[in-house]
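Everything below belongs to input33.txt, which stores compact mmCIF, C-alpha atoms and all ligand atoms.
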# COMPACT_ATOMS: atom_id res chain seq x y z
CA MET V 1 -0.02 2.85 -6.11
CA LYS V 2 1.52 2.40 -2.72
CA GLY V 3 0.14 4.91 -0.27
CA GLY V 4 2.79 6.66 1.74
CA HIS V 5 3.44 10.33 2.33
CA ALA V 6 5.35 12.49 -0.14
CA LEU V 7 6.93 15.89 0.32
CA VAL V 8 6.85 17.86 -2.94
CA THR V 9 8.86 21.07 -2.84
CA GLY V 10 7.91 23.68 -5.41
CA ALA V 11 4.42 22.18 -5.35
CA ALA V 12 2.82 25.29 -6.86
CA GLY V 13 5.17 25.33 -9.83
CA PHE V 14 4.81 23.82 -13.28
CA ILE V 15 6.30 20.39 -12.61
CA GLY V 16 5.58 20.29 -8.87
CA SER V 17 1.84 20.86 -9.30
CA HIS V 18 1.49 18.13 -11.92
CA LEU V 19 3.48 15.74 -9.77
CA THR V 20 1.33 16.55 -6.74
CA GLU V 21 -1.87 15.76 -8.64
CA ARG V 22 -0.47 12.52 -9.98
CA LEU V 23 0.61 11.35 -6.52
CA LEU V 24 -2.77 12.25 -5.02
CA ALA V 25 -4.48 10.30 -7.81
CA GLU V 26 -2.35 7.29 -6.85
CA GLY V 27 -3.48 7.44 -3.23
CA VAL V 28 -0.36 9.11 -1.84
CA ARG V 29 -0.69 11.76 0.85
CA VAL V 30 1.15 14.91 -0.22
CA THR V 31 2.60 17.81 1.72
CA GLY V 32 3.46 20.57 -0.72
CA VAL V 33 6.02 23.25 0.04
CA ASP V 34 6.26 26.53 -1.83
CA CYS V 35 7.48 30.03 -1.05
CA PHE V 36 5.78 31.75 -4.01
CA THR V 37 8.82 33.67 -5.18
CA GLU V 38 8.17 36.70 -7.36
CA TYR V 39 9.86 35.20 -10.43
CA TYR V 40 6.42 35.02 -12.00
CA GLU V 41 2.87 35.85 -10.96
CA ALA V 42 1.82 34.17 -7.71
CA ALA V 43 -1.75 34.06 -9.10
CA LEU V 44 -0.67 31.56 -11.76
CA LYS V 45 0.94 29.37 -9.11
CA ARG V 46 -2.17 29.51 -6.89
CA ARG V 47 -4.17 28.45 -9.90
CA ASN V 48 -1.82 25.50 -10.49
CA LEU V 49 -2.74 24.23 -7.01
CA GLU V 50 -6.51 24.49 -7.33
CA ALA V 51 -7.13 20.82 -8.14
CA ALA V 52 -4.74 19.55 -5.45
CA GLN V 53 -6.36 21.74 -2.84
CA ARG V 54 -9.69 20.02 -3.37
CA SER V 55 -8.12 16.83 -1.97
CA ALA V 56 -8.18 16.11 1.77
CA ALA V 57 -4.87 14.25 1.31
CA PHE V 58 -3.07 17.48 0.35
CA SER V 59 -1.66 20.15 2.61
CA LEU V 60 0.46 23.17 1.77
CA LEU V 61 3.28 24.69 3.78
CA GLU V 62 4.32 28.14 2.68
CA LEU V 63 7.94 28.44 3.64
CA ASP V 64 11.32 29.33 2.22
CA LEU V 65 13.60 26.29 2.34
CA GLY V 66 16.65 28.53 2.32
CA ARG V 67 15.63 30.55 5.35
CA ASP V 68 12.80 29.13 7.48
CA ASP V 69 12.92 26.54 10.23
CA LEU V 70 12.64 23.16 8.50
CA ALA V 71 11.73 21.32 11.69
CA ARG V 72 8.18 22.16 10.54
CA LEU V 73 8.50 19.70 7.65
CA PRO V 74 6.79 16.36 8.37
CA ASP V 75 8.49 12.98 8.40
CA VAL V 76 7.66 11.45 5.03
CA THR V 77 8.24 8.37 2.88
CA VAL V 78 9.70 10.17 -0.11
CA VAL V 79 10.92 13.67 -1.02
CA PHE V 80 10.54 15.15 -4.50
CA HIS V 81 12.67 18.28 -4.48
CA GLN V 82 11.31 20.32 -7.39
CA ALA V 83 11.66 23.78 -5.87
CA ALA V 84 14.22 26.02 -7.54
CA GLN V 85 14.95 29.44 -8.89
CA PRO V 86 14.55 28.60 -12.59
CA GLY V 87 15.52 30.35 -15.79
CA VAL V 88 18.74 29.92 -17.72
CA ARG V 89 18.98 33.37 -19.27
CA ALA V 90 18.04 35.35 -16.14
CA SER V 91 20.76 33.93 -13.91
CA TRP V 92 23.55 36.42 -14.67
CA GLY V 93 24.49 39.49 -12.67
CA ARG V 94 22.76 40.57 -9.47
CA GLU V 95 20.13 37.85 -9.73
CA PHE V 96 22.73 35.20 -9.02
CA GLY V 97 22.24 35.54 -5.25
CA SER V 98 18.70 34.24 -5.48
CA TYR V 99 19.92 31.24 -7.53
CA VAL V 100 22.43 30.41 -4.83
CA HIS V 101 19.79 30.83 -2.14
CA HIS V 102 17.02 28.78 -3.75
CA ASN V 103 19.08 26.16 -5.58
CA VAL V 104 22.11 25.57 -3.38
CA LEU V 105 21.37 26.70 0.17
CA ALA V 106 17.75 25.47 0.10
CA THR V 107 18.88 22.06 -1.16
CA GLN V 108 21.55 21.74 1.52
CA ARG V 109 19.08 22.68 4.27
CA LEU V 110 16.49 20.21 2.96
CA LEU V 111 19.10 17.44 2.87
CA GLU V 112 20.09 18.25 6.45
CA ARG V 113 16.44 18.07 7.52
CA TYR V 114 16.10 14.53 6.14
CA ARG V 115 19.59 13.29 6.95
CA GLY V 116 19.19 10.04 8.90
CA ALA V 117 15.44 9.83 8.14
CA ALA V 118 13.99 6.58 6.82
CA LEU V 119 13.31 7.87 3.30
CA GLU V 120 12.54 5.50 0.45
CA ARG V 121 13.92 8.08 -2.00
CA PHE V 122 15.08 11.66 -2.27
CA VAL V 123 14.41 12.68 -5.87
CA TYR V 124 16.32 15.78 -6.96
CA ALA V 125 15.07 17.77 -9.95
CA SER V 126 18.22 18.39 -11.95
CA SER V 127 18.56 19.88 -15.40
CA SER V 128 20.03 19.33 -18.83
CA SER V 129 21.67 22.69 -18.28
CA VAL V 130 24.36 20.94 -16.22
CA TYR V 131 25.84 19.74 -19.54
CA GLY V 132 26.20 23.17 -21.15
CA GLU V 133 27.71 22.69 -24.59
CA ALA V 134 27.88 18.95 -24.20
CA GLU V 135 30.91 16.83 -24.97
CA ARG V 136 28.84 14.67 -27.31
CA TYR V 137 25.31 14.14 -28.61
CA PRO V 138 23.20 12.32 -27.65
CA THR V 139 24.55 13.07 -24.19
CA SER V 140 24.76 10.32 -21.61
CA GLU V 141 24.84 10.86 -17.87
CA ASP V 142 28.57 10.22 -17.61
CA ALA V 143 29.47 13.11 -19.95
CA MET V 144 31.49 15.80 -18.20
CA PRO V 145 29.10 18.45 -16.83
CA ARG V 146 30.21 21.90 -17.97
CA PRO V 147 27.34 24.37 -17.50
CA VAL V 148 27.27 27.51 -19.65
CA SER V 149 24.92 29.46 -17.37
CA PRO V 150 25.14 30.42 -13.69
CA TYR V 151 21.77 28.69 -13.30
CA GLY V 152 23.32 25.44 -14.55
CA VAL V 153 26.17 25.83 -12.08
CA THR V 154 23.71 26.09 -9.16
CA LYS V 155 21.65 23.10 -10.33
CA LEU V 156 24.82 21.05 -10.63
CA ALA V 157 25.91 22.16 -7.15
CA GLY V 158 22.55 21.01 -5.77
CA GLU V 159 22.96 17.66 -7.51
CA HIS V 160 26.44 17.21 -6.08
CA LEU V 161 25.14 18.04 -2.59
CA ALA V 162 22.38 15.44 -2.91
CA PHE V 163 24.85 12.72 -3.91
CA LEU V 164 27.21 13.81 -1.16
CA TYR V 165 24.44 13.12 1.39
CA GLY V 166 23.81 9.85 -0.44
CA ARG V 167 27.42 8.72 -0.15
CA SER V 168 28.07 10.03 3.34
CA PHE V 169 24.80 9.24 5.09
CA GLY V 170 23.16 6.58 2.92
CA MET V 171 20.37 8.81 1.67
CA PRO V 172 18.76 7.03 -1.31
CA VAL V 173 19.14 9.78 -3.90
CA ALA V 174 18.00 9.86 -7.53
CA ALA V 175 18.61 12.91 -9.74
CA LEU V 176 16.51 13.52 -12.83
CA ARG V 177 18.10 15.76 -15.44
CA TYR V 178 15.08 17.26 -17.20
CA PHE V 179 15.44 18.39 -20.79
CA THR V 180 13.31 21.54 -21.37
CA VAL V 181 9.95 20.37 -20.07
CA TYR V 182 6.81 21.81 -21.68
CA GLY V 183 3.02 21.40 -21.69
CA PRO V 184 0.08 22.88 -19.77
CA ARG V 185 1.18 25.16 -16.87
CA GLN V 186 4.60 25.73 -18.40
CA ARG V 187 6.29 28.73 -16.76
CA PRO V 188 5.51 32.03 -18.47
CA ASP V 189 9.20 32.80 -19.07
CA MET V 190 9.72 29.65 -21.15
CA ALA V 191 9.73 29.61 -24.93
CA PHE V 192 6.51 27.78 -25.79
CA HIS V 193 4.44 29.65 -23.25
CA ARG V 194 5.79 32.95 -24.58
CA PHE V 195 5.19 31.89 -28.18
CA CYS V 196 1.60 30.80 -27.50
CA ARG V 197 0.83 33.98 -25.62
CA ALA V 198 2.17 36.08 -28.50
CA LEU V 199 0.21 34.04 -31.06
CA TRP V 200 -3.07 34.42 -29.16
CA LEU V 201 -2.52 38.14 -28.61
CA GLY V 202 -1.33 38.82 -32.18
CA GLU V 203 2.08 39.99 -31.00
CA PRO V 204 5.49 39.16 -32.54
CA LEU V 205 7.33 36.09 -31.28
CA VAL V 206 10.83 36.84 -30.02
CA VAL V 207 13.24 34.29 -31.50
CA TYR V 208 16.75 34.20 -30.11
CA GLY V 209 19.63 33.76 -32.53
CA ASP V 210 18.63 32.25 -35.87
CA GLY V 211 16.04 29.95 -34.26
CA ARG V 212 18.03 26.91 -35.35
CA GLN V 213 19.02 25.97 -31.80
CA SER V 214 17.44 22.68 -30.82
CA ARG V 215 16.17 21.02 -27.66
CA ASP V 216 15.13 17.54 -26.63
CA PHE V 217 11.78 19.01 -25.51
CA THR V 218 10.10 16.78 -22.92
CA TYR V 219 6.37 16.63 -22.34
CA ILE V 220 5.25 17.17 -18.75
CA ASP V 221 3.54 13.77 -18.36
CA ASP V 222 6.78 12.05 -19.33
CA ALA V 223 8.70 14.01 -16.70
CA ILE V 224 6.09 13.07 -14.09
CA GLU V 225 6.21 9.39 -14.99
CA ALA V 226 9.99 9.43 -14.54
CA ASN V 227 9.55 10.90 -11.04
CA VAL V 228 7.02 8.32 -9.98
CA ARG V 229 9.20 5.48 -11.23
CA ALA V 230 12.33 6.93 -9.66
CA TRP V 231 10.66 6.61 -6.27
CA SER V 232 10.41 2.83 -6.39
CA ARG V 233 12.78 1.66 -9.11
CA ALA V 234 15.84 3.87 -9.30
CA GLY V 235 19.25 2.34 -8.77
CA PRO V 236 21.25 3.45 -5.73
CA GLN V 237 22.67 6.99 -6.13
CA ALA V 238 21.43 7.18 -9.71
CA VAL V 239 21.28 10.06 -12.15
CA TYR V 240 18.94 9.90 -15.16
CA ASN V 241 18.43 11.97 -18.27
CA VAL V 242 14.76 12.68 -18.86
CA GLY V 243 14.45 13.75 -22.50
CA GLY V 244 11.52 13.77 -24.87
CA GLY V 245 13.09 11.47 -27.41
CA SER V 246 13.40 13.89 -30.31
CA GLN V 247 15.36 16.91 -31.36
CA VAL V 248 13.38 19.93 -32.43
CA GLU V 249 14.60 23.34 -33.57
CA VAL V 250 12.91 26.45 -32.21
CA LEU V 251 11.63 27.44 -35.69
CA GLU V 252 10.22 23.94 -36.25
CA ALA V 253 8.35 24.14 -32.97
CA ILE V 254 6.94 27.54 -33.97
CA ALA V 255 5.59 26.03 -37.19
CA VAL V 256 3.81 23.34 -35.16
CA LEU V 257 2.38 25.98 -32.82
CA GLU V 258 1.12 28.06 -35.74
CA ARG V 259 -0.89 25.04 -36.88
CA ALA V 260 -2.08 24.23 -33.36
CA CYS V 261 -3.26 27.81 -32.77
CA GLY V 262 -4.40 28.45 -36.33
CA VAL V 263 -2.44 31.72 -36.34
CA LYS V 264 0.45 32.86 -38.55
CA ALA V 265 3.45 33.98 -36.50
CA LYS V 266 5.31 37.28 -36.87
CA LEU V 267 8.93 36.72 -35.89
CA ASP V 268 11.19 39.20 -34.15
CA PHE V 269 14.79 37.91 -34.18
CA LYS V 270 16.98 38.98 -31.24
CA PRO V 271 20.61 38.10 -30.43
CA LEU V 272 21.12 34.80 -28.65
CA PRO V 273 21.51 35.59 -24.93
CA PRO V 274 24.57 34.27 -23.12
CA GLY V 275 24.08 30.92 -21.43
CA ASP V 276 21.77 29.48 -24.09
CA PRO V 277 23.34 26.24 -25.44
CA PRO V 278 22.91 25.61 -29.18
CA ARG V 279 21.68 22.08 -28.71
CA THR V 280 20.53 19.51 -26.16
CA ARG V 281 19.88 15.86 -26.83
CA ALA V 282 19.45 13.18 -24.19
CA ASP V 283 20.74 9.66 -24.32
CA ALA V 284 17.84 8.24 -22.31
CA SER V 285 18.91 4.60 -22.39
CA ARG V 286 19.61 4.46 -18.64
CA LEU V 287 16.06 5.65 -17.89
CA GLU V 288 14.74 2.86 -20.07
CA ALA V 289 17.05 0.19 -18.62
CA ASP V 290 16.50 1.03 -14.93
CA LEU V 291 13.04 2.56 -14.81
CA GLY V 292 11.55 0.73 -17.79
CA TYR V 293 10.38 3.93 -19.37
CA VAL V 294 10.66 5.61 -22.75
CA PRO V 295 9.19 9.13 -22.92
CA ALA V 296 6.19 8.81 -25.16
CA VAL V 297 4.47 12.06 -26.10
CA PRO V 298 5.45 13.43 -29.53
CA ILE V 299 6.02 17.15 -29.91
CA GLU V 300 2.91 17.72 -32.08
CA ARG V 301 0.58 16.27 -29.45
CA GLY V 302 2.36 18.00 -26.59
CA LEU V 303 2.28 21.38 -28.29
CA GLU V 304 -1.41 21.02 -29.05
CA ALA V 305 -2.05 20.51 -25.35
CA GLU V 306 0.02 23.56 -24.43
CA ALA V 307 -1.65 25.68 -27.13
CA GLU V 308 -5.06 24.67 -25.78
CA TRP V 309 -4.10 25.51 -22.22
CA THR V 310 -2.70 28.92 -23.13
CA ARG V 311 -5.83 29.65 -25.18
CA GLY V 312 -7.76 29.47 -21.93
CA LEU V 313 -5.32 31.94 -20.36
CA TYR V 314 -4.97 34.50 -23.14
CA ALA V 315 -7.25 34.04 -26.13
CA ARG V 316 -10.31 35.80 -24.73
CA SER V 317 -8.79 37.83 -21.94
CA GLY V 318 -7.30 40.50 -24.20
CA ARG V 319 -4.28 40.74 -21.87
C1 LIG M 1 14.62 25.25 -19.81
C2 LIG M 1 14.19 25.72 -18.41
O1 LIG M 1 13.86 27.08 -18.41
C3 LIG M 1 15.21 25.45 -17.36
O2 LIG M 1 14.64 25.71 -16.08
C4 LIG M 1 15.66 24.04 -17.45
O3 LIG M 1 16.57 23.71 -16.48
C5 LIG M 1 16.24 23.83 -18.83
O4 LIG M 1 15.17 23.98 -19.76
C6 LIG M 1 16.85 22.50 -19.02
O5 LIG M 1 16.27 21.64 -19.64
O6 LIG M 1 17.95 22.30 -18.55
P1 LIG M 1 15.53 26.41 -21.96
O7 LIG M 1 16.05 25.23 -22.72
O8 LIG M 1 16.22 27.70 -22.16
O9 LIG M 1 15.56 26.14 -20.38
O10 LIG M 1 13.97 26.48 -22.26
P2 LIG M 1 13.05 27.52 -23.06
O11 LIG M 1 12.87 28.79 -22.30
O12 LIG M 1 11.81 26.79 -23.40
O13 LIG M 1 13.88 27.87 -24.38
C7 LIG M 1 14.04 26.96 -25.43
C8 LIG M 1 14.75 27.63 -26.57
O14 LIG M 1 13.90 28.67 -27.10
C9 LIG M 1 16.06 28.32 -26.20
O15 LIG M 1 17.06 27.96 -27.13
C10 LIG M 1 15.79 29.81 -26.32
O16 LIG M 1 16.86 30.51 -26.90
C11 LIG M 1 14.61 29.87 -27.26
N1 LIG M 1 13.71 31.00 -26.93
C12 LIG M 1 13.22 31.16 -25.68
C13 LIG M 1 13.38 31.90 -27.92
O17 LIG M 1 13.86 31.80 -29.07
N2 LIG M 1 12.52 32.91 -27.63
C14 LIG M 1 11.97 33.07 -26.39
O18 LIG M 1 11.16 34.03 -26.20
C15 LIG M 1 12.32 32.17 -25.39

Let me see whether you can do it: turn the structure in this file into structure tokens.
Ligand code: UGA
Amino acid sequence: MKGGHALVTGAAGFIGSHLTERLLAEGVRVTGVDCFTEYYEAALKRRNLEAAQRSAAFSLLELDLGRDDLARLPDVTVVFHQAAQPGVRASWGREFGSYVHHNVLATQRLLERYRGAALERFVYASSSSVYGEAERYPTSEDAMPRPVSPYGVTKLAGEHLAFLYGRSFGMPVAALRYFTVYGPRQRPDMAFHRFCRALWLGEPLVVYGDGRQSRDFTYIDDAIEANVRAWSRAGPQAVYNVGGGSQVEVLEAIAVLERACGVKAKLDFKPLPPGDPPRTRADASRLEADLGYVPAVPIERGLEAEAEWTRGLYARSGR
């Protein structure tokens, strides 16, 4: 690609680790940052980094962006800020403090660290959860953001901070609003990972509500491609929806996973938790117009890849 030196925050996470590998494959030097929060098993995150750590062009800094001295961060060509406290449904109550710390304070401190630096781009990982129950579907980037979860509020705050540094100090910011990303290494709290695990272990699948809620599920490789293109091709101070190009109900996705795993699902319906929007659907025309990209992986193919990956994690382990 273009060489250069990228900082990837959240490098041990689902999206961050895939992005790190892609950049390394393109000849980019990568400094990864991660603080290995306890939100899910650190062992899984260490495993995500195994391939990257075989590259001499990769180095890892273990630090908390919300607390530690960021003078340790190197001067780089581009920043991909993927680190966050994730999880829509877990963000209520006492947990909110960690969302503020990792999503708002950490973002502000990272922006301060690179304020005035000669960055080619600061890419902020935003979220479809900023829309909440959206004004209209498909939802374009200029729809009024009205999150329905505290998590969404913190991701929106981080996005606003990034654009504030863009407007005030000329930082070249792009925000990518991901729509429920899935595929190999998906976080263990997310629906498809949980469903696959339950299928492989012969346990019931917990379905929230009536299972008719739908998402514009986005395959991981599509989300990565959007990041790479945002580096070189994004418009100034641009926000992009990154959706998968389809609308799939939870029960439909389960039917696809049953076929992919060759296992019949037992369903355990539970009340829909607060903060879970009934529907997301991206209008991705800006992504196509500016970055020349249309997300390409259909749900059947993407779910097969995730089923295969989770088989390696659970099918023989008996966990
Ligand atoms: C996901 C991510 O977790 C967020 O970090 C991200 O910001 C967000 O997408 C986004 O795109 O904005 P979510 O859509 O809740 O949030 O993703 P999943 O955990 O994969 O849930 C998808 C759907 O499955 C939800 O409607 C949920 O109610 C349902 N679900 C989830 C179940 O029915 N059962 C489960 O065990 C888990």

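With CA of Thr37 (chain V) on one side and CA of Pro184 (chain V) on the other, the separation reads 20.1 Å.
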
| query | Given a cut-off of 6 Å, what residues near ligand LIG 1 (chain M) show up using all atoms listed in the file, put as number ranges by chain? | reply | V: 86-88, 127-129, 178-180, 190-192, 194, 206-208, 211, 213, 250, 276

| Using all atoms listed in the file, which of the listed residues (V:Asp64, V:Glu133, V:Asp216, V:Glu225) sits closest to Gly245 (chain V)? |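 Among the listed residues, V:Asp216 lies closest to Gly245 (chain V).
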
| remark: Restricting to all atoms listed in the file, whichever of V:Arg279, V:Phe58, V:Tyr124, V:Pro150 is closest to Arg94 (chain V) is V:Pro150

| request: Would you mind telling me which residue in V:Arg301, V:Arg72, V:Arg233, V:Arg89 lies nearest to Arg121 (chain V) when using only C-alpha atoms? | output: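 Closest to Arg121 (chain V) of all the choices is V:Arg233.
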